[in-house]
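Novice: My structure file final-v4.pdb, PDB, C-alpha atoms, is below:
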```pdb
ATOM      1  CA  MET A   1     -34.231  55.033  45.165  1.00  0.00           C
ATOM      2  CA  LYS A   2     -35.169  52.305  42.717  1.00  0.00           C
ATOM      3  CA  PHE A   3     -33.035  49.167  42.479  1.00  0.00           C
ATOM      4  CA  TYR A   4     -31.529  48.952  38.955  1.00  0.00           C
ATOM      5  CA  ALA A   5     -30.286  45.490  38.013  1.00  0.00           C
ATOM      6  CA  ILE A   6     -27.345  44.547  35.816  1.00  0.00           C
ATOM      7  CA  ARG A   7     -28.879  42.721  32.893  1.00  0.00           C
ATOM      8  CA  GLU A   8     -25.924  41.964  30.620  1.00  0.00           C
ATOM      9  CA  ASN A   9     -23.592  39.064  31.353  1.00  0.00           C
ATOM     10  CA  HIS A  10     -20.513  40.928  30.083  1.00  0.00           C
ATOM     11  CA  LEU A  11     -20.968  43.585  32.781  1.00  0.00           C
ATOM     12  CA  TYR A  12     -20.696  40.933  35.480  1.00  0.00           C
ATOM     13  CA  HIS A  13     -17.449  39.720  33.920  1.00  0.00           C
ATOM     14  CA  LYS A  14     -16.067  43.260  33.670  1.00  0.00           C
ATOM     15  CA  ALA A  15     -16.789  43.846  37.349  1.00  0.00           C
ATOM     16  CA  PHE A  16     -15.172  40.531  38.303  1.00  0.00           C
ATOM     17  CA  ARG A  17     -12.026  41.172  36.251  1.00  0.00           C
ATOM     18  CA  GLY A  18     -11.474  44.909  36.553  1.00  0.00           C
ATOM     19  CA  GLY A  19     -13.265  45.987  39.686  1.00  0.00           C
ATOM     20  CA  GLY A  20     -12.277  46.377  43.288  1.00  0.00           C
ATOM     21  CA  ARG A  21     -13.124  43.441  45.532  1.00  0.00           C
ATOM     22  CA  LYS A  22     -13.783  43.034  49.229  1.00  0.00           C
ATOM     23  CA  SER A  23     -14.915  39.878  51.019  1.00  0.00           C
ATOM     24  CA  SER A  24     -16.509  39.216  54.368  1.00  0.00           C
ATOM     25  CA  ARG A  25     -17.891  36.141  56.087  1.00  0.00           C
ATOM     26  CA  THR A  26     -21.227  36.159  54.277  1.00  0.00           C
ATOM     27  CA  LEU A  27     -20.602  37.921  50.951  1.00  0.00           C
ATOM     28  CA  THR A  28     -18.159  39.353  48.421  1.00  0.00           C
ATOM     29  CA  VAL A  29     -18.599  42.753  46.760  1.00  0.00           C
ATOM     30  CA  TYR A  30     -17.132  43.815  43.399  1.00  0.00           C
ATOM     31  CA  VAL A  31     -17.248  47.491  42.383  1.00  0.00           C
ATOM     32  CA  LEU A  32     -16.390  49.030  39.004  1.00  0.00           C
ATOM     33  CA  ARG A  33     -17.029  52.533  37.675  1.00  0.00           C
ATOM     34  CA  ASP A  34     -19.824  52.383  35.095  1.00  0.00           C
ATOM     35  CA  LYS A  35     -18.727  53.847  31.766  1.00  0.00           C
ATOM     36  CA  ALA A  36     -22.339  54.152  30.611  1.00  0.00           C
ATOM     37  CA  ALA A  37     -23.355  56.191  33.673  1.00  0.00           C
ATOM     38  CA  SER A  38     -23.575  59.485  31.772  1.00  0.00           C
ATOM     39  CA  LEU A  39     -25.783  57.902  29.101  1.00  0.00           C
ATOM     40  CA  LEU A  40     -28.028  56.352  31.742  1.00  0.00           C
ATOM     41  CA  LYS A  41     -28.163  59.718  33.530  1.00  0.00           C
ATOM     42  CA  LYS A  42     -29.768  61.277  30.448  1.00  0.00           C
ATOM     43  CA  GLN A  43     -32.334  58.472  30.236  1.00  0.00           C
ATOM     44  CA  ASN A  44     -33.164  58.577  33.949  1.00  0.00           C
ATOM     45  CA  PRO A  45     -36.288  60.646  34.675  1.00  0.00           C
ATOM     46  CA  LEU A  46     -34.600  62.260  37.711  1.00  0.00           C
ATOM     47  CA  LYS A  47     -31.496  63.127  35.618  1.00  0.00           C
ATOM     48  CA  GLU A  48     -29.027  61.746  38.147  1.00  0.00           C
ATOM     49  CA  LYS A  49     -26.434  58.987  38.029  1.00  0.00           C
ATOM     50  CA  ILE A  50     -27.521  55.552  39.145  1.00  0.00           C
ATOM     51  CA  ASN A  51     -25.852  52.389  40.356  1.00  0.00           C
ATOM     52  CA  ARG A  52     -26.551  49.124  38.623  1.00  0.00           C
ATOM     53  CA  ILE A  53     -26.609  46.262  41.120  1.00  0.00           C
ATOM     54  CA  GLY A  54     -26.145  42.584  40.368  1.00  0.00           C
ATOM     55  CA  ILE A  55     -26.565  39.749  42.841  1.00  0.00           C
ATOM     56  CA  GLN A  56     -24.909  36.558  41.664  1.00  0.00           C
ATOM     57  CA  ALA A  57     -26.015  33.622  43.825  1.00  0.00           C
ATOM     58  CA  SER A  58     -24.554  30.345  42.580  1.00  0.00           C
ATOM     59  CA  LYS A  59     -25.617  26.831  43.540  1.00  0.00           C
ATOM     60  CA  LYS A  60     -22.829  26.815  46.120  1.00  0.00           C
ATOM     61  CA  VAL A  61     -25.147  28.971  48.249  1.00  0.00           C
ATOM     62  CA  GLY A  62     -27.793  26.240  48.278  1.00  0.00           C
ATOM     63  CA  GLY A  63     -31.044  25.340  46.618  1.00  0.00           C
ATOM     64  CA  ALA A  64     -33.491  27.785  45.066  1.00  0.00           C
ATOM     65  CA  VAL A  65     -35.058  28.697  48.410  1.00  0.00           C
ATOM     66  CA  GLN A  66     -31.698  29.507  50.004  1.00  0.00           C
ATOM     67  CA  ARG A  67     -30.504  31.488  46.957  1.00  0.00           C
ATOM     68  CA  ASN A  68     -33.658  33.586  46.901  1.00  0.00           C
ATOM     69  CA  ARG A  69     -33.428  34.205  50.657  1.00  0.00           C
ATOM     70  CA  ALA A  70     -29.823  35.351  50.267  1.00  0.00           C
ATOM     71  CA  LYS A  71     -30.817  37.724  47.453  1.00  0.00           C
ATOM     72  CA  ARG A  72     -33.695  39.161  49.500  1.00  0.00           C
ATOM     73  CA  LEU A  73     -31.414  39.735  52.497  1.00  0.00           C
ATOM     74  CA  ILE A  74     -28.803  41.469  50.346  1.00  0.00           C
ATOM     75  CA  ARG A  75     -31.363  43.678  48.580  1.00  0.00           C
ATOM     76  CA  GLU A  76     -32.829  44.810  51.893  1.00  0.00           C
ATOM     77  CA  ALA A  77     -29.402  45.432  53.435  1.00  0.00           C
ATOM     78  CA  TYR A  78     -28.393  47.517  50.386  1.00  0.00           C
ATOM     79  CA  ARG A  79     -31.618  49.549  50.608  1.00  0.00           C
ATOM     80  CA  GLN A  80     -31.035  50.274  54.290  1.00  0.00           C
ATOM     81  CA  ILE A  81     -27.427  51.320  53.728  1.00  0.00           C
ATOM     82  CA  ASP A  82     -28.379  53.516  50.774  1.00  0.00           C
ATOM     83  CA  LYS A  83     -31.151  55.143  52.794  1.00  0.00           C
ATOM     84  CA  THR A  84     -29.028  55.688  55.922  1.00  0.00           C
ATOM     85  CA  TYR A  85     -25.576  56.566  54.577  1.00  0.00           C
ATOM     86  CA  GLY A  86     -25.949  56.885  50.829  1.00  0.00           C
ATOM     87  CA  VAL A  87     -23.898  54.964  48.286  1.00  0.00           C
ATOM     88  CA  LYS A  88     -21.807  56.760  45.652  1.00  0.00           C
ATOM     89  CA  ARG A  89     -23.489  56.784  42.240  1.00  0.00           C
ATOM     90  CA  GLY A  90     -22.293  55.771  38.794  1.00  0.00           C
ATOM     91  CA  TYR A  91     -20.935  52.295  39.580  1.00  0.00           C
ATOM     92  CA  LEU A  92     -21.531  48.662  38.745  1.00  0.00           C
ATOM     93  CA  ILE A  93     -21.870  46.760  42.025  1.00  0.00           C
ATOM     94  CA  VAL A  94     -21.903  42.953  41.997  1.00  0.00           C
ATOM     95  CA  ILE A  95     -22.640  41.180  45.277  1.00  0.00           C
ATOM     96  CA  CYS A  96     -21.965  37.456  45.610  1.00  0.00           C
ATOM     97  CA  PRO A  97     -23.442  35.756  48.689  1.00  0.00           C
ATOM     98  CA  LYS A  98     -21.623  32.871  50.336  1.00  0.00           C
ATOM     99  CA  SER A  99     -23.277  29.804  51.841  1.00  0.00           C
ATOM    100  CA  GLU A 100     -23.201  31.380  55.345  1.00  0.00           C
ATOM    101  CA  CYS A 101     -25.518  34.135  54.085  1.00  0.00           C
ATOM    102  CA  THR A 102     -28.573  31.891  54.336  1.00  0.00           C
ATOM    103  CA  VAL A 103     -28.102  30.895  57.987  1.00  0.00           C
ATOM    104  CA  VAL A 104     -27.312  34.290  59.555  1.00  0.00           C
ATOM    105  CA  LYS A 105     -29.682  37.075  60.562  1.00  0.00           C
ATOM    106  CA  THR A 106     -30.384  40.172  58.498  1.00  0.00           C
ATOM    107  CA  ALA A 107     -28.290  42.319  60.846  1.00  0.00           C
ATOM    108  CA  GLN A 108     -25.157  40.274  60.102  1.00  0.00           C
ATOM    109  CA  VAL A 109     -25.647  40.631  56.332  1.00  0.00           C
ATOM    110  CA  TYR A 110     -26.176  44.381  56.861  1.00  0.00           C
ATOM    111  CA  ARG A 111     -22.920  44.661  58.866  1.00  0.00           C
ATOM    112  CA  ASP A 112     -20.949  42.644  56.317  1.00  0.00           C
ATOM    113  CA  LEU A 113     -22.262  44.658  53.360  1.00  0.00           C
ATOM    114  CA  MET A 114     -21.571  47.877  55.260  1.00  0.00           C
ATOM    115  CA  TYR A 115     -18.012  46.691  55.973  1.00  0.00           C
ATOM    116  CA  CYS A 116     -17.367  45.809  52.333  1.00  0.00           C
ATOM    117  CA  LEU A 117     -18.821  49.034  50.925  1.00  0.00           C
ATOM    118  CA  SER A 118     -16.961  51.207  53.430  1.00  0.00           C
ATOM    119  CA  SER A 119     -13.688  49.368  52.690  1.00  0.00           C
ATOM    120  CA  LEU A 120     -14.215  50.103  49.001  1.00  0.00           C
ATOM    121  CA  ASN A 121     -14.933  53.808  49.787  1.00  0.00           C
ATOM    122  CA  MET A 122     -18.447  53.601  48.378  1.00  0.00           C
ATOM    123  CA  LEU A 123     -20.347  55.308  51.202  1.00  0.00           C
ATOM    124  CA  CYS A 124     -21.199  58.990  50.813  1.00  0.00           C
ATOM    125  CA  GLY A 125     -21.514  59.745  54.521  1.00  0.00           C
ATOM    126  CA  GLU A 126     -17.992  58.721  55.552  1.00  0.00           C
ATOM    127  CA  ASN A 127     -15.487  60.999  57.233  1.00  0.00           C
ATOM    128  CA  GLU A 128     -11.717  60.871  56.761  1.00  0.00           C
ATOM    129  CA  ASP A 129     -11.384  57.945  59.202  1.00  0.00           C
ATOM    130  CA  GLY A 130     -13.744  55.872  57.071  1.00  0.00           C
ATOM    131  CA  HIS A 131     -16.342  55.508  59.840  1.00  0.00           C
ATOM    132  CA  GLY A 132     -19.734  57.068  60.355  1.00  0.00           C
ATOM    133  CA  LYS A 133     -21.525  60.042  58.911  1.00  0.00           C
ATOM    134  CA  VAL A 134     -20.069  63.517  58.679  1.00  0.00           C
ATOM    135  CA  ASP A 135     -22.149  65.965  60.675  1.00  0.00           C
ATOM    136  CA  SER A 136     -22.512  69.554  59.549  1.00  0.00           C
ATOM    137  CA  ALA A 137     -20.999  70.655  62.890  1.00  0.00           C
ATOM    138  CA  ASP A 138     -17.840  68.642  62.162  1.00  0.00           C
ATOM    139  CA  LYS A 139     -17.112  70.510  58.925  1.00  0.00           C
TER     140      LYS A 139
END
```
As structure tokens, what does this structure read like?
Specialist:
Amino acid sequence: MKFYAIRENHLYHKAFRGGGRKSSRTLTVYVLRDKAASLLKKQNPLKEKINRIGIQASKKVGGAVQRNRAKRLIREAYRQIDKTYGVKRGYLIVICPKSECTVVKTAQVYRDLMYCLSSLNMLCGENEDGHGKVDSADK
């Protein structure tokens, strides 16, 4: 699925103030239900709800090279999680990398993002325990 970015500054602030938050060693995730999701669903060619993702990398992360590396790592980790488990739709998701994000491997960023999203109950393929995918044989 295509990566839709948050473009308005006020949406970042809404997610920071009113959304759920979970932190890990390399990043912090803010999640807020998107009130414009039904409107965006009508405009979407596939006619389904979408998530709008924002990555807010401040200068605390490092210089331009480090900030861009952190954003690339986070985008790829989000794509992998969305492809493997699926992320619930119709939300504003803001991901803020920390300075450790630039020195760790991609697998660590993937694990941290997975931890944060599962703690916020954003994964579609979770069972009642909050871990792993639900198989059709388990239902």
Novice: Counting only C-alpha atoms, which residue out of A:Lys22, A:Lys105, A:Lys60, A:Ile95 sits closest to Asn121 of chain A?
Specialist: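 Between A:Lys22, A:Lys105, A:Lys60, A:Ile95, the residue approaching Asn121 of chain A most closely is A:Lys22.
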Novice: Around segment 23-32 of chain A, with edges along x, y and z and 3 Å added on all six sides, what centre and edge lengths do you get, in Å to one decimal, as lines of an AutoDock Vina configuration file?
Specialist:
```
center_x = -18.1
center_y = 42.6
center_z = 47.5
size_x = 12.3
size_y = 18.9
size_z = 23.1
```
Novice: Could you state which residues are captured by the PyMOL selection byres ((chain A and resi 119) around 12) in this file, as a ChimeraX atom specification?
Specialist: /A:20-24,28-31,112-118,120-123,126,129-131
Novice: In Å, how far is it from atom CA of Asn9 of chain A to atom CA of Ser99 of chain A?
Specialist: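 Atom CA of Asn9 of chain A sits 22.5 Å away from atom CA of Ser99 of chain A.
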Novice: At what distance in Å, to one decimal, does atom CA of Arg52 of chain A lie from atom CA of Tyr85 of chain A?
Specialist: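 Answer for the atom CA of Tyr85 of chain A to atom CA of Arg52 of chain A separation: 17.6 Å.
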Novice: Could you expand the PyMOL selection byres ((chain A and resi 88) around 8) into the explicit residues it covers here, written as a list in words?
Specialist: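 Given this file, the PyMOL selection byres ((chain A and resi 88) around 8) evaluates to Asn51, Gly86, Val87, Arg89, Gly90, Tyr91, Met122, Leu123 and Cys124 of chain A.
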Novice: In terms of the shortest atom-to-atom distance over all atoms listed in the file, which of A:Ile81, A:Leu32, A:Cys96, A:Ala5 is closest to Arg111 of chain A?
Specialist: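 The closest residue to Arg111 of chain A is A:Ile81.
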Novice: Would you kindly return, as a PDB file with C-alpha atoms, in the coordinates of the input, each protein, DNA or RNA residue with an atom no farther than 8 Å from any atom of segment 107-110 of chain A, considering all atoms listed in the file and excluding same-chain residues fewer than 5 positions away?
Specialist:
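And here is the file that came out, around11.pdb:
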```
ATOM      1  CA  THR A  26     -21.227  36.159  54.277  1.00  0.00           C
ATOM      2  CA  LEU A  27     -20.602  37.921  50.951  1.00  0.00           C
ATOM      3  CA  LEU A  73     -31.414  39.735  52.497  1.00  0.00           C
ATOM      4  CA  ILE A  74     -28.803  41.469  50.346  1.00  0.00           C
ATOM      5  CA  ALA A  77     -29.402  45.432  53.435  1.00  0.00           C
ATOM      6  CA  TYR A  78     -28.393  47.517  50.386  1.00  0.00           C
ATOM      7  CA  ILE A  81     -27.427  51.320  53.728  1.00  0.00           C
ATOM      8  CA  CYS A 101     -25.518  34.135  54.085  1.00  0.00           C
TER       9      CYS A 101
END
```
Novice: Choose the residue, out of A:Arg25, A:Arg72, A:His10, A:Arg33, that has the smallest atom-to-atom separation from Lys49 of chain A; count all atoms listed in the file.
Specialist: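 Smallest distance to Lys49 of chain A is found for A:Arg33.
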Novice: Tell me, in Å to one decimal, how far atom CA of Ala70 of chain A is from atom CA of Thr102 of chain A.
Specialist: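 Result for atom CA of Ala70 of chain A versus atom CA of Thr102 of chain A: 5.5 Å, one decimal.
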